[in-house]
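Novice: Following this line is query30.txt, made up of compact mmCIF, C-alpha atoms and all ligand atoms:
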```
# COMPACT_ATOMS: atom_id res chain seq x y z
CA MET E 456 -3.42 -22.72 -0.17
CA GLU E 457 0.11 -22.19 -1.42
CA THR E 458 1.36 -18.64 -0.87
CA LYS E 459 3.52 -17.25 -3.63
CA ILE E 460 6.33 -15.08 -2.22
CA ILE E 461 7.78 -12.60 -4.68
CA ARG E 462 10.77 -10.36 -4.09
CA ILE E 463 10.23 -6.93 -5.59
CA ASP E 464 12.69 -4.07 -5.90
CA GLU E 465 11.09 -0.68 -5.31
CA GLN E 466 13.76 1.02 -7.44
CA HIS E 467 13.06 -1.22 -10.45
CA ILE E 468 9.48 -2.39 -10.20
CA ASP E 469 8.75 -5.37 -12.42
CA GLN E 470 5.42 -4.37 -14.01
CA ALA E 471 4.59 -7.95 -15.01
CA LEU E 472 4.77 -9.04 -11.36
CA ILE E 473 2.66 -6.08 -10.27
CA LYS E 474 0.04 -6.97 -12.90
CA GLU E 475 -0.01 -10.55 -11.64
CA ALA E 476 -0.52 -9.31 -8.06
CA GLY E 477 -3.18 -6.81 -9.16
CA ASP E 478 -5.03 -9.61 -10.96
CA VAL E 479 -5.06 -11.69 -7.78
CA ILE E 480 -6.81 -8.83 -5.95
CA ARG E 481 -9.23 -8.17 -8.85
CA ALA E 482 -10.18 -11.85 -8.75
CA GLY E 483 -11.03 -11.57 -5.04
CA GLY E 484 -7.74 -12.89 -3.63
CA LEU E 485 -5.35 -11.39 -1.06
CA VAL E 486 -1.84 -9.97 -1.54
CA ALA E 487 0.42 -8.70 1.25
CA PHE E 488 2.56 -5.73 0.22
CA PRO E 489 5.00 -3.19 1.67
CA THR E 490 3.94 0.35 2.54
CA GLU E 491 6.09 3.07 4.09
CA THR E 492 4.52 2.39 7.52
CA VAL E 493 4.09 -1.40 7.88
CA TYR E 494 3.19 -4.28 5.56
CA GLY E 495 -0.47 -4.37 4.53
CA LEU E 496 -2.75 -7.30 3.72
CA GLY E 497 -4.60 -6.20 0.59
CA GLY E 498 -7.91 -7.18 -0.95
CA ASP E 499 -10.45 -5.45 -3.21
CA ALA E 500 -12.04 -2.80 -0.94
CA LEU E 501 -15.24 -2.76 -3.00
CA ASN E 502 -15.75 -6.54 -2.84
CA PRO E 503 -17.43 -7.67 0.39
CA ARG E 504 -16.11 -11.24 -0.06
CA SER E 505 -12.53 -9.92 -0.15
CA SER E 506 -12.99 -8.05 3.12
CA GLU E 507 -14.43 -11.18 4.72
CA LYS E 508 -11.35 -13.07 3.56
CA ILE E 509 -9.09 -10.44 5.14
CA TYR E 510 -10.83 -10.85 8.50
CA ARG E 511 -10.50 -14.61 8.24
CA ALA E 512 -6.81 -14.53 7.27
CA LYS E 513 -5.99 -12.18 10.15
CA GLY E 514 -8.27 -13.86 12.67
CA ARG E 515 -9.65 -10.37 13.27
CA PRO E 516 -13.07 -9.48 14.67
CA SER E 517 -15.21 -8.23 11.78
CA ASP E 518 -16.38 -5.13 13.67
CA ASN E 519 -12.89 -3.68 13.22
CA PRO E 520 -12.96 -1.59 10.02
CA LEU E 521 -10.31 -1.68 7.27
CA ILE E 522 -8.45 1.24 5.71
CA VAL E 523 -9.14 1.78 1.98
CA HIS E 524 -5.87 2.53 0.17
CA ILE E 525 -5.90 4.67 -2.97
CA ALA E 526 -3.15 5.85 -5.29
CA ASP E 527 -4.68 8.89 -6.99
CA MET E 528 -6.65 11.87 -5.72
CA GLU E 529 -9.31 11.49 -8.45
CA THR E 530 -10.32 8.13 -7.00
CA LEU E 531 -11.12 9.55 -3.55
CA ASP E 532 -14.50 11.00 -4.58
CA ALA E 533 -15.89 7.59 -5.50
CA VAL E 534 -15.57 6.14 -1.99
CA VAL E 535 -16.59 9.11 0.17
CA ARG E 536 -19.83 11.09 0.33
CA GLU E 537 -17.98 14.38 0.34
CA VAL E 538 -14.47 15.64 0.97
CA PRO E 539 -14.50 18.52 3.45
CA GLU E 540 -12.14 21.44 2.92
CA SER E 541 -10.01 20.15 5.82
CA GLY E 542 -9.57 16.83 3.99
CA ARG E 543 -8.44 18.53 0.79
CA ARG E 544 -5.88 20.59 2.67
CA LEU E 545 -4.52 17.62 4.59
CA ALA E 546 -4.31 15.55 1.41
CA GLU E 547 -2.41 18.31 -0.33
CA ARG E 548 0.10 18.45 2.47
CA PHE E 549 0.45 14.84 3.61
CA TRP E 550 -0.58 12.55 0.73
CA PRO E 551 0.88 10.36 -0.47
CA GLY E 552 2.10 9.47 3.02
CA PRO E 553 1.38 8.01 6.46
CA LEU E 554 -1.94 9.76 7.14
CA THR E 555 -5.35 8.05 7.21
CA MET E 556 -8.47 10.23 7.08
CA ILE E 557 -11.99 9.19 8.04
CA PHE E 558 -14.89 10.44 5.90
CA HIS E 559 -18.57 9.60 5.49
CA LYS E 560 -18.65 6.66 3.12
CA ALA E 561 -20.19 6.44 -0.33
CA GLY E 562 -22.66 3.66 -1.18
CA CYS E 563 -20.14 1.63 -3.19
CA VAL E 564 -18.05 0.82 -0.10
CA PRO E 565 -19.47 -2.36 1.43
CA GLU E 566 -20.18 -2.51 5.16
CA GLU E 567 -17.94 -5.57 5.31
CA THR E 568 -15.03 -3.21 4.59
CA THR E 569 -16.07 -0.57 7.15
CA GLY E 570 -17.02 -3.01 9.90
CA GLY E 571 -20.65 -1.91 9.62
CA LEU E 572 -19.82 1.79 10.05
CA ASP E 573 -21.20 4.61 7.92
CA THR E 574 -17.72 6.11 7.70
CA VAL E 575 -14.65 5.00 5.77
CA ALA E 576 -10.93 5.35 6.50
CA VAL E 577 -8.83 6.28 3.43
CA ARG E 578 -5.07 6.48 3.00
CA MET E 579 -2.84 7.19 0.01
CA PRO E 580 0.48 5.46 0.76
CA SER E 581 3.75 6.73 -0.71
CA HIS E 582 5.58 3.42 -1.12
CA PRO E 583 6.11 2.88 -4.87
CA VAL E 584 5.21 -0.83 -4.68
CA ALA E 585 1.99 -0.04 -2.82
CA ARG E 586 1.05 2.63 -5.34
CA ALA E 587 1.73 0.40 -8.32
CA LEU E 588 -0.24 -2.46 -6.78
CA ILE E 589 -3.26 -0.28 -5.91
CA ARG E 590 -3.45 0.95 -9.52
CA ALA E 591 -3.06 -2.58 -10.91
CA ALA E 592 -5.78 -3.84 -8.55
CA GLY E 593 -8.37 -1.33 -9.81
CA GLY E 594 -7.76 1.61 -7.47
CA TYR E 595 -9.21 0.54 -4.10
CA VAL E 596 -7.29 -1.80 -1.81
CA ALA E 597 -8.53 -2.55 1.70
CA ALA E 598 -5.49 -3.27 3.80
CA PRO E 599 -5.02 -3.78 7.51
CA SER E 600 -1.55 -4.48 8.81
CA ALA E 601 -0.45 -7.92 7.57
CA ASN E 602 -0.14 -9.55 11.01
CA ARG E 603 -2.37 -12.12 12.65
CA SER E 604 -4.69 -10.29 15.02
CA GLY E 605 -2.94 -9.42 18.29
CA ARG E 606 0.64 -9.68 16.97
CA PRO E 607 2.89 -6.68 16.29
CA SER E 608 2.52 -5.30 12.75
CA PRO E 609 5.15 -6.68 10.37
CA THR E 610 7.91 -4.32 9.28
CA VAL E 611 9.76 -6.97 7.24
CA ALA E 612 8.38 -9.62 4.87
CA LYS E 613 9.75 -12.45 7.01
CA TYR E 614 7.13 -11.71 9.66
CA VAL E 615 4.36 -11.44 7.07
CA THR E 616 5.31 -14.93 5.94
CA GLU E 617 5.37 -16.16 9.53
CA ASP E 618 1.80 -14.95 10.09
CA MET E 619 0.23 -15.41 6.64
CA ASP E 620 1.95 -18.32 4.85
CA GLY E 621 -0.73 -20.69 3.56
CA ARG E 622 -3.55 -18.22 4.30
CA ILE E 623 -3.26 -15.79 1.36
CA GLU E 624 -2.40 -15.98 -2.35
CA MET E 625 0.70 -13.80 -2.50
CA ILE E 626 3.30 -11.83 -0.53
CA LEU E 627 5.30 -9.03 -2.19
CA ASP E 628 8.61 -8.80 -0.35
CA GLY E 629 9.85 -5.22 -0.70
CA GLY E 630 12.43 -5.34 2.10
CA ASP E 631 12.32 -3.29 5.30
CA VAL E 632 9.73 -0.57 5.71
CA GLU E 633 10.78 3.01 6.36
CA ILE E 634 8.63 4.20 9.30
CA GLY E 635 7.79 1.06 11.26
CA LEU E 636 4.58 2.24 12.99
CA GLU E 637 1.11 2.48 11.45
CA SER E 638 -0.26 5.71 9.97
CA THR E 639 -1.75 8.57 11.97
CA ILE E 640 -5.56 8.37 11.84
CA ILE E 641 -7.64 11.56 11.87
CA ASP E 642 -11.44 11.58 11.92
CA LEU E 643 -12.94 14.36 9.80
CA THR E 644 -16.58 13.39 10.38
CA ALA E 645 -16.96 14.93 13.85
CA ASP E 646 -17.38 18.66 14.60
CA GLU E 647 -13.67 19.07 15.22
CA PRO E 648 -11.01 16.95 13.47
CA MET E 649 -9.86 14.33 15.95
CA ILE E 650 -6.74 12.14 16.04
CA LEU E 651 -7.75 8.56 16.80
CA ARG E 652 -4.31 6.93 16.46
CA PRO E 653 -0.97 8.75 16.75
CA GLY E 654 1.65 8.14 14.07
CA CYS E 655 4.62 9.86 12.53
CA ILE E 656 2.45 12.75 11.33
CA THR E 657 2.07 14.47 14.68
CA LYS E 658 -0.62 16.69 16.17
CA GLN E 659 1.72 19.61 15.74
CA MET E 660 2.17 18.88 12.02
CA LEU E 661 -1.59 18.54 11.55
CA GLY E 662 -2.02 21.78 13.48
CA GLU E 663 0.02 23.59 10.84
CA VAL E 664 -2.77 22.82 8.36
CA LEU E 665 -5.90 22.83 10.56
CA ALA E 666 -6.75 25.35 13.25
CA ASP E 667 -8.16 22.92 15.82
CA VAL E 668 -7.12 19.32 16.20
CA GLU E 669 -8.42 17.23 19.08
CA GLU E 670 -7.11 13.91 20.35
CA ASP E 671 -9.07 10.87 21.41
CA CYS E 672 -8.48 10.92 25.16
CA THR E 673 -8.09 7.13 25.24
CA MET E 674 -4.90 7.21 23.15
CA MET E 675 -2.43 7.38 26.03
CA ARG E 676 -4.56 6.25 29.00
CA ASP E 677 -6.67 3.29 29.97
CA ASP E 678 -8.53 4.94 32.83
CA SER E 679 -10.72 7.38 30.88
CA GLY E 680 -13.74 5.08 31.17
CA GLN E 681 -14.42 5.57 27.45
CA ALA E 682 -14.09 3.29 24.44
CA PRO E 683 -11.55 4.37 21.81
CA LYS E 684 -13.17 5.93 18.76
CA ALA E 685 -11.17 3.76 16.34
CA PRO E 686 -12.70 0.33 16.97
CA GLY E 687 -9.34 -1.39 16.47
CA MET E 688 -7.72 0.60 19.26
CA LYS E 689 -9.83 -1.14 21.89
CA TYR E 690 -8.04 -4.44 21.37
CA ARG E 691 -4.85 -5.23 23.23
CA HIS E 692 -2.85 -5.00 20.05
CA TYR E 693 0.82 -5.37 19.46
CA ALA E 694 1.11 -7.88 22.24
CA PRO E 695 4.38 -9.75 22.54
CA ARG E 696 4.20 -13.21 24.11
CA GLY E 697 6.35 -12.10 27.04
CA ASP E 698 5.06 -10.06 29.97
CA LEU E 699 6.06 -6.45 29.20
CA THR E 700 6.62 -3.66 31.74
CA ILE E 701 7.64 -0.09 30.86
CA VAL E 702 10.12 1.47 33.27
CA ALA E 703 10.14 5.28 33.34
CA GLY E 704 12.66 7.57 34.96
CA GLU E 705 16.18 8.89 34.75
CA GLU E 706 18.47 6.51 32.83
CA ASP E 707 20.75 5.29 35.61
CA ARG E 708 17.85 4.57 37.95
CA VAL E 709 15.99 2.73 35.18
CA VAL E 710 19.07 0.61 34.45
CA GLU E 711 19.54 -0.17 38.14
CA TYR E 712 15.88 -1.10 38.64
CA ILE E 713 15.75 -3.32 35.57
CA ASN E 714 19.03 -5.07 36.39
CA THR E 715 17.75 -5.87 39.89
CA GLN E 716 14.38 -7.13 38.64
CA ALA E 717 15.97 -9.09 35.81
CA ALA E 718 18.38 -10.83 38.17
CA SER E 719 15.45 -11.99 40.26
CA ASP E 720 13.47 -13.08 37.15
CA GLN E 721 16.44 -15.01 35.84
CA ASN E 722 16.85 -16.70 39.23
CA LYS E 723 13.32 -17.95 38.75
CA ASN E 724 14.41 -19.34 35.38
CA LYS E 725 12.48 -16.75 33.41
CA LYS E 726 14.13 -15.70 30.19
CA THR E 727 14.39 -11.93 30.39
CA GLY E 728 14.82 -9.21 27.77
CA VAL E 729 15.27 -5.44 27.71
CA ILE E 730 14.33 -2.83 25.12
CA ALA E 731 17.12 -0.32 25.63
CA THR E 732 18.55 2.62 23.67
CA ASP E 733 21.99 3.32 22.22
CA THR E 734 23.31 5.04 25.34
CA SER E 735 22.02 2.45 27.83
CA VAL E 736 22.30 -0.87 26.02
CA ALA E 737 25.76 -1.75 27.34
CA LYS E 738 24.69 -1.18 30.96
CA TYR E 739 22.22 -4.06 31.22
CA HIS E 740 23.06 -7.53 32.48
CA VAL E 741 20.24 -9.59 30.99
CA GLN E 742 19.98 -12.55 28.62
CA VAL E 743 18.49 -10.63 25.68
CA CYS E 744 19.10 -6.92 25.26
CA ARG E 745 18.40 -4.81 22.20
CA SER E 746 18.84 -1.13 21.50
CA ALA E 747 15.75 0.23 19.77
CA GLY E 748 17.78 3.20 18.54
CA ASN E 749 18.87 6.70 19.36
CA ARG E 750 16.83 8.97 21.64
CA GLU E 751 18.09 12.01 19.71
CA ASP E 752 16.23 10.68 16.65
CA GLU E 753 13.15 8.79 17.78
CA SER E 754 12.28 7.76 14.22
CA THR E 755 15.06 5.17 14.60
CA ILE E 756 13.16 3.73 17.57
CA ALA E 757 9.84 3.71 15.69
CA ARG E 758 11.48 1.68 12.94
CA GLU E 759 12.88 -0.99 15.27
CA LEU E 760 10.18 -1.38 17.93
CA TYR E 761 7.94 -4.03 16.33
CA ARG E 762 10.90 -5.99 15.01
CA ILE E 763 12.34 -6.21 18.52
CA LEU E 764 9.01 -7.33 19.98
CA ARG E 765 8.87 -10.06 17.31
CA GLU E 766 12.49 -11.07 17.94
CA PHE E 767 11.78 -11.42 21.66
CA ASP E 768 8.93 -13.76 20.74
CA ASP E 769 11.27 -15.75 18.47
CA GLU E 770 13.73 -16.07 21.34
CA GLN E 771 10.94 -17.01 23.75
CA VAL E 772 11.63 -14.15 26.11
CA GLU E 773 9.19 -14.45 29.01
CA VAL E 774 9.70 -11.17 30.84
CA ILE E 775 10.38 -7.91 28.98
CA TYR E 776 11.36 -4.51 30.35
CA ALA E 777 11.22 -1.47 28.07
CA GLU E 778 12.60 1.98 28.65
CA SER E 779 10.07 4.79 28.35
CA PHE E 780 10.11 7.47 25.63
CA ASP E 781 9.38 11.15 25.35
CA THR E 782 5.89 11.74 23.99
CA ALA E 783 6.79 14.74 21.88
CA GLY E 784 6.88 14.12 18.13
CA ILE E 785 6.80 10.51 16.99
CA GLY E 786 7.46 9.50 20.60
CA GLN E 787 3.72 9.73 21.21
CA ALA E 788 3.11 6.97 18.65
CA ILE E 789 5.94 4.89 20.13
CA MET E 790 4.50 5.20 23.64
CA ASN E 791 0.93 4.56 22.42
CA ARG E 792 2.04 1.20 20.96
CA LEU E 793 4.29 0.32 23.90
CA LEU E 794 1.54 1.12 26.42
CA LYS E 795 -0.84 -1.18 24.56
CA ALA E 796 1.77 -3.90 24.31
CA ALA E 797 2.34 -3.57 28.06
CA GLY E 798 -1.35 -3.44 28.91
CA HIS E 799 -0.48 0.00 30.40
CA LYS E 800 1.86 -1.52 32.96
CA VAL E 801 4.32 1.29 33.84
CA VAL E 802 6.72 1.47 36.79
CA ARG E 803 8.19 4.87 37.70
CA VAL E 804 11.56 4.82 39.40
O1 LIG E 901 -0.21 2.43 8.29
C1 LIG E 901 -1.32 1.89 8.25
O2 LIG E 901 -2.36 2.51 8.46
C2 LIG E 901 -1.35 0.39 7.92
C3 LIG E 901 -0.85 0.21 6.48
C4 LIG E 901 -1.01 -1.19 5.99
O3 LIG E 901 -1.48 1.14 5.63
N1 LIG E 901 -2.68 -0.12 8.08
C5 LIG E 901 -3.25 -0.32 9.31
O4 LIG E 901 -4.49 -0.90 9.28
O5 LIG E 901 -2.69 -0.03 10.35
P1 LIG E 901 -5.15 -1.59 10.55
O6 LIG E 901 -6.36 -2.28 10.02
O7 LIG E 901 -4.17 -2.45 11.24
O8 LIG E 901 -5.61 -0.42 11.46
C6 LIG E 901 -6.71 0.38 11.05
C7 LIG E 901 -7.26 1.14 12.22
C8 LIG E 901 -8.05 0.28 13.18
O9 LIG E 901 -7.75 0.67 14.51
C9 LIG E 901 -9.49 0.62 12.83
O10 LIG E 901 -10.36 0.44 13.90
C10 LIG E 901 -9.38 2.07 12.40
O11 LIG E 901 -8.18 2.10 11.69
N2 LIG E 901 -10.47 2.47 11.48
C11 LIG E 901 -10.66 2.05 10.21
N3 LIG E 901 -11.80 2.58 9.70
C12 LIG E 901 -12.32 3.37 10.67
C13 LIG E 901 -13.48 4.17 10.76
N4 LIG E 901 -14.35 4.30 9.76
N5 LIG E 901 -13.71 4.84 11.92
C14 LIG E 901 -12.84 4.73 12.97
N6 LIG E 901 -11.72 3.98 12.93
C15 LIG E 901 -11.47 3.30 11.81
MG MG E 902 -3.15 -3.49 12.68
```
Is it possible to express this structure as structure tokens?
Ligand code: TXA
Ligand code: MG
Specialist:
Amino acid sequence: METKIIRIDEQHIDQALIKEAGDVIRAGGLVAFPTETVYGLGGDALNPRSSEKIYRAKGRPSDNPLIVHIADMETLDAVVREVPESGRRLAERFWPGPLTMIFHKAGCVPEETTGGLDTVAVRMPSHPVARALIRAAGGYVAAPSANRSGRPSPTVAKYVTEDMDGRIEMILDGGDVEIGLESTIIDLTADEPMILRPGCITKQMLGEVLADVEEDCTMMRDDSGQAPKAPGMKYRHYAPRGDLTIVAGEEDRVVEYINTQAASDQNKNKKTGVIATDTSVAKYHVQVCRSAGNREDESTIARELYRILREFDDEQVEVIYAESFDTAGIGQAIMNRLLKAAGHKVVRV
């Protein structure tokens, strides 16, 4: 299949292009599009054939449910059995935005979309292109991140094309995304609301709206002996091709440790890379070194992380060392993704 790649300016959205993209989804096809978190791979959430196509295009196991994206609050009631008071309050505060909520599903949502579950994940993104597309597509767009299964989520259209060219009908190129990590997921179907995936809407922010918020204990550890409650979190996601180790500790010791290790890796002819930060980047002596951003503003690091992992793949880096990040605020989401990418390999120095 030939994939049509269309550049779209979020400031001046071309409605004719959006209609064309919406028609592709209505007809059962797939369109990749920008959201504020990462690029999504969209199909009609109410059409089981579309969801099957999404799984095929991603190479994703079909027991891993998709998020249903909506653009308007009135459309929520059609896809969920009921919206609890907590859901209304969270929507008021955080939608449109990077929060996904899990509800009991209504009958119209096919099991192909929910991976056989009786619950459905719903998100109302804020990106203007995403919102326009969802409306043009009929209101309900199932969209996982637009990467092939196991690769880091794409934060620029170039990487959507790399993974999806020839596999889907259309890619809307809306430039760089704003956040760079996937939405926070909160499950509202259990007794207490529970965070299943950390994102830029933090536990503390959710706690300002809800009295009690729990966290899935598997989010930051791999030794809990339990399966993650979000089926997708059990896979070793976000995996770069190189062998990634996180090095935690005080900056100078981390730099010294990594430089020593990297020298020995490079002696063995292994191409070596480091994920550094603005204050440390100049201190490394390795072949490929990137600053992910500024520790004083971890949202800069969230935005760059997946792009760096992809760039290391492009440059065929074989051994990767990453600095460790504070788990307050968005740092928890950064570390959750890094720990998965590293298969929880952490060295403390
Ligand atoms: O920011 C985002 O959420 C992006 C953009 C495109 O909106 N989407 C995204 O989708 O990250 P995906 O498919 O890559 O991740 C969805 C996660 C998976 O871990 C999946 O298992 C979980 O959500 N999930 C979906 N429905 C669920 C449900 N009913 N119960 C538990 N977990 C669910
Ligand atoms: Mg994903």
Novice: Taking all atoms listed in the file and a cut-off of 6 Å, can you tell me which residues surround ligand LIG 901 (chain E), written as a compact mmCIF listing (two decimals) with C-alpha atoms, in the coordinates of the input?
Specialist:
```
# COMPACT_ATOMS: atom_id res chain seq x y z
CA THR E 492 4.52 2.39 7.52
CA VAL E 493 4.09 -1.40 7.88
CA TYR E 494 3.19 -4.28 5.56
CA GLY E 495 -0.47 -4.37 4.53
CA ASN E 519 -12.89 -3.68 13.22
CA PRO E 520 -12.96 -1.59 10.02
CA LEU E 521 -10.31 -1.68 7.27
CA ILE E 522 -8.45 1.24 5.71
CA ILE E 557 -11.99 9.19 8.04
CA THR E 569 -16.07 -0.57 7.15
CA THR E 574 -17.72 6.11 7.70
CA VAL E 575 -14.65 5.00 5.77
CA ALA E 576 -10.93 5.35 6.50
CA ALA E 598 -5.49 -3.27 3.80
CA PRO E 599 -5.02 -3.78 7.51
CA SER E 600 -1.55 -4.48 8.81
CA GLU E 637 1.11 2.48 11.45
CA SER E 638 -0.26 5.71 9.97
CA LYS E 684 -13.17 5.93 18.76
CA ALA E 685 -11.17 3.76 16.34
CA PRO E 686 -12.70 0.33 16.97
CA GLY E 687 -9.34 -1.39 16.47
CA MET E 688 -7.72 0.60 19.26
```
Novice: Point out the residue among E:Ser541, E:Gln466, E:Asn602, E:Ser517 with the least atom-to-atom distance to ligand MG 902 (chain E), counting only C-alpha atoms and all ligand atoms.
Specialist: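 For ligand MG 902 (chain E), the nearest of the given residues is E:Asn602.
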Novice: Which of these residues is nearest to ligand MG 902 (chain E), using all atoms listed in the file: E:Pro583, E:Pro607, E:Gly552, E:Gly594?
Specialist: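 Answer, going by the shortest atom-to-atom distance: E:Pro607.
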Novice: What is the CA of Ala597 (chain E) to CA of Ala500 (chain E) distance in Å?
Specialist: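 Separating CA of Ala597 (chain E) from CA of Ala500 (chain E) is a distance of 4.4 Å.
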Novice: At a cut-off of 6 Å from (-18.6, 11.3, 5.7) in the coordinates of the file, what residues are picked up using only C-alpha atoms, written as a list in words?
Specialist: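 Residues close enough to count: Arg536, Phe558, His559, Lys560, Thr574 and Thr644 of chain E.
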Novice: Can you pull out every residue within 8 Å of Glu647 (chain E), counting all atoms listed in the file, but drop anything in the same chain fewer than 4 positions away, and send it as a PDB file with C-alpha atoms, in the frame of the given file?
Specialist:
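Dumped to around13.pdb:
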```pdb
ATOM      1  CA  LEU E 643     -12.940  14.360   9.800  1.00  0.00           C
ATOM      2  CA  ASP E 667      -8.160  22.920  15.820  1.00  0.00           C
ATOM      3  CA  VAL E 668      -7.120  19.320  16.200  1.00  0.00           C
ATOM      4  CA  GLU E 669      -8.420  17.230  19.080  1.00  0.00           C
TER       5      GLU E 669
END
```
Novice: I want to know what sits within 10 Å of region 780-784 of chain E, based on only C-alpha atoms, with residues of the same chain fewer than 4 positions away left out; could you give that as a PyMOL selection string?
Specialist: chain E and resi 653-660+675+701-704+732+750+753-754+756+788-791+793
Novice: In Å, with one decimal, what is the gap from CA of Phe488 (chain E) to CA of Arg543 (chain E)?
Specialist: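 A separation of 26.6 Å between them.
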Novice: As an exercise, work out the distance from CA of Ile473 (chain E) to CA of Val584 (chain E) in Å and give it to one decimal place.
Specialist: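 Between these atoms lies a distance of 8.1 Å.
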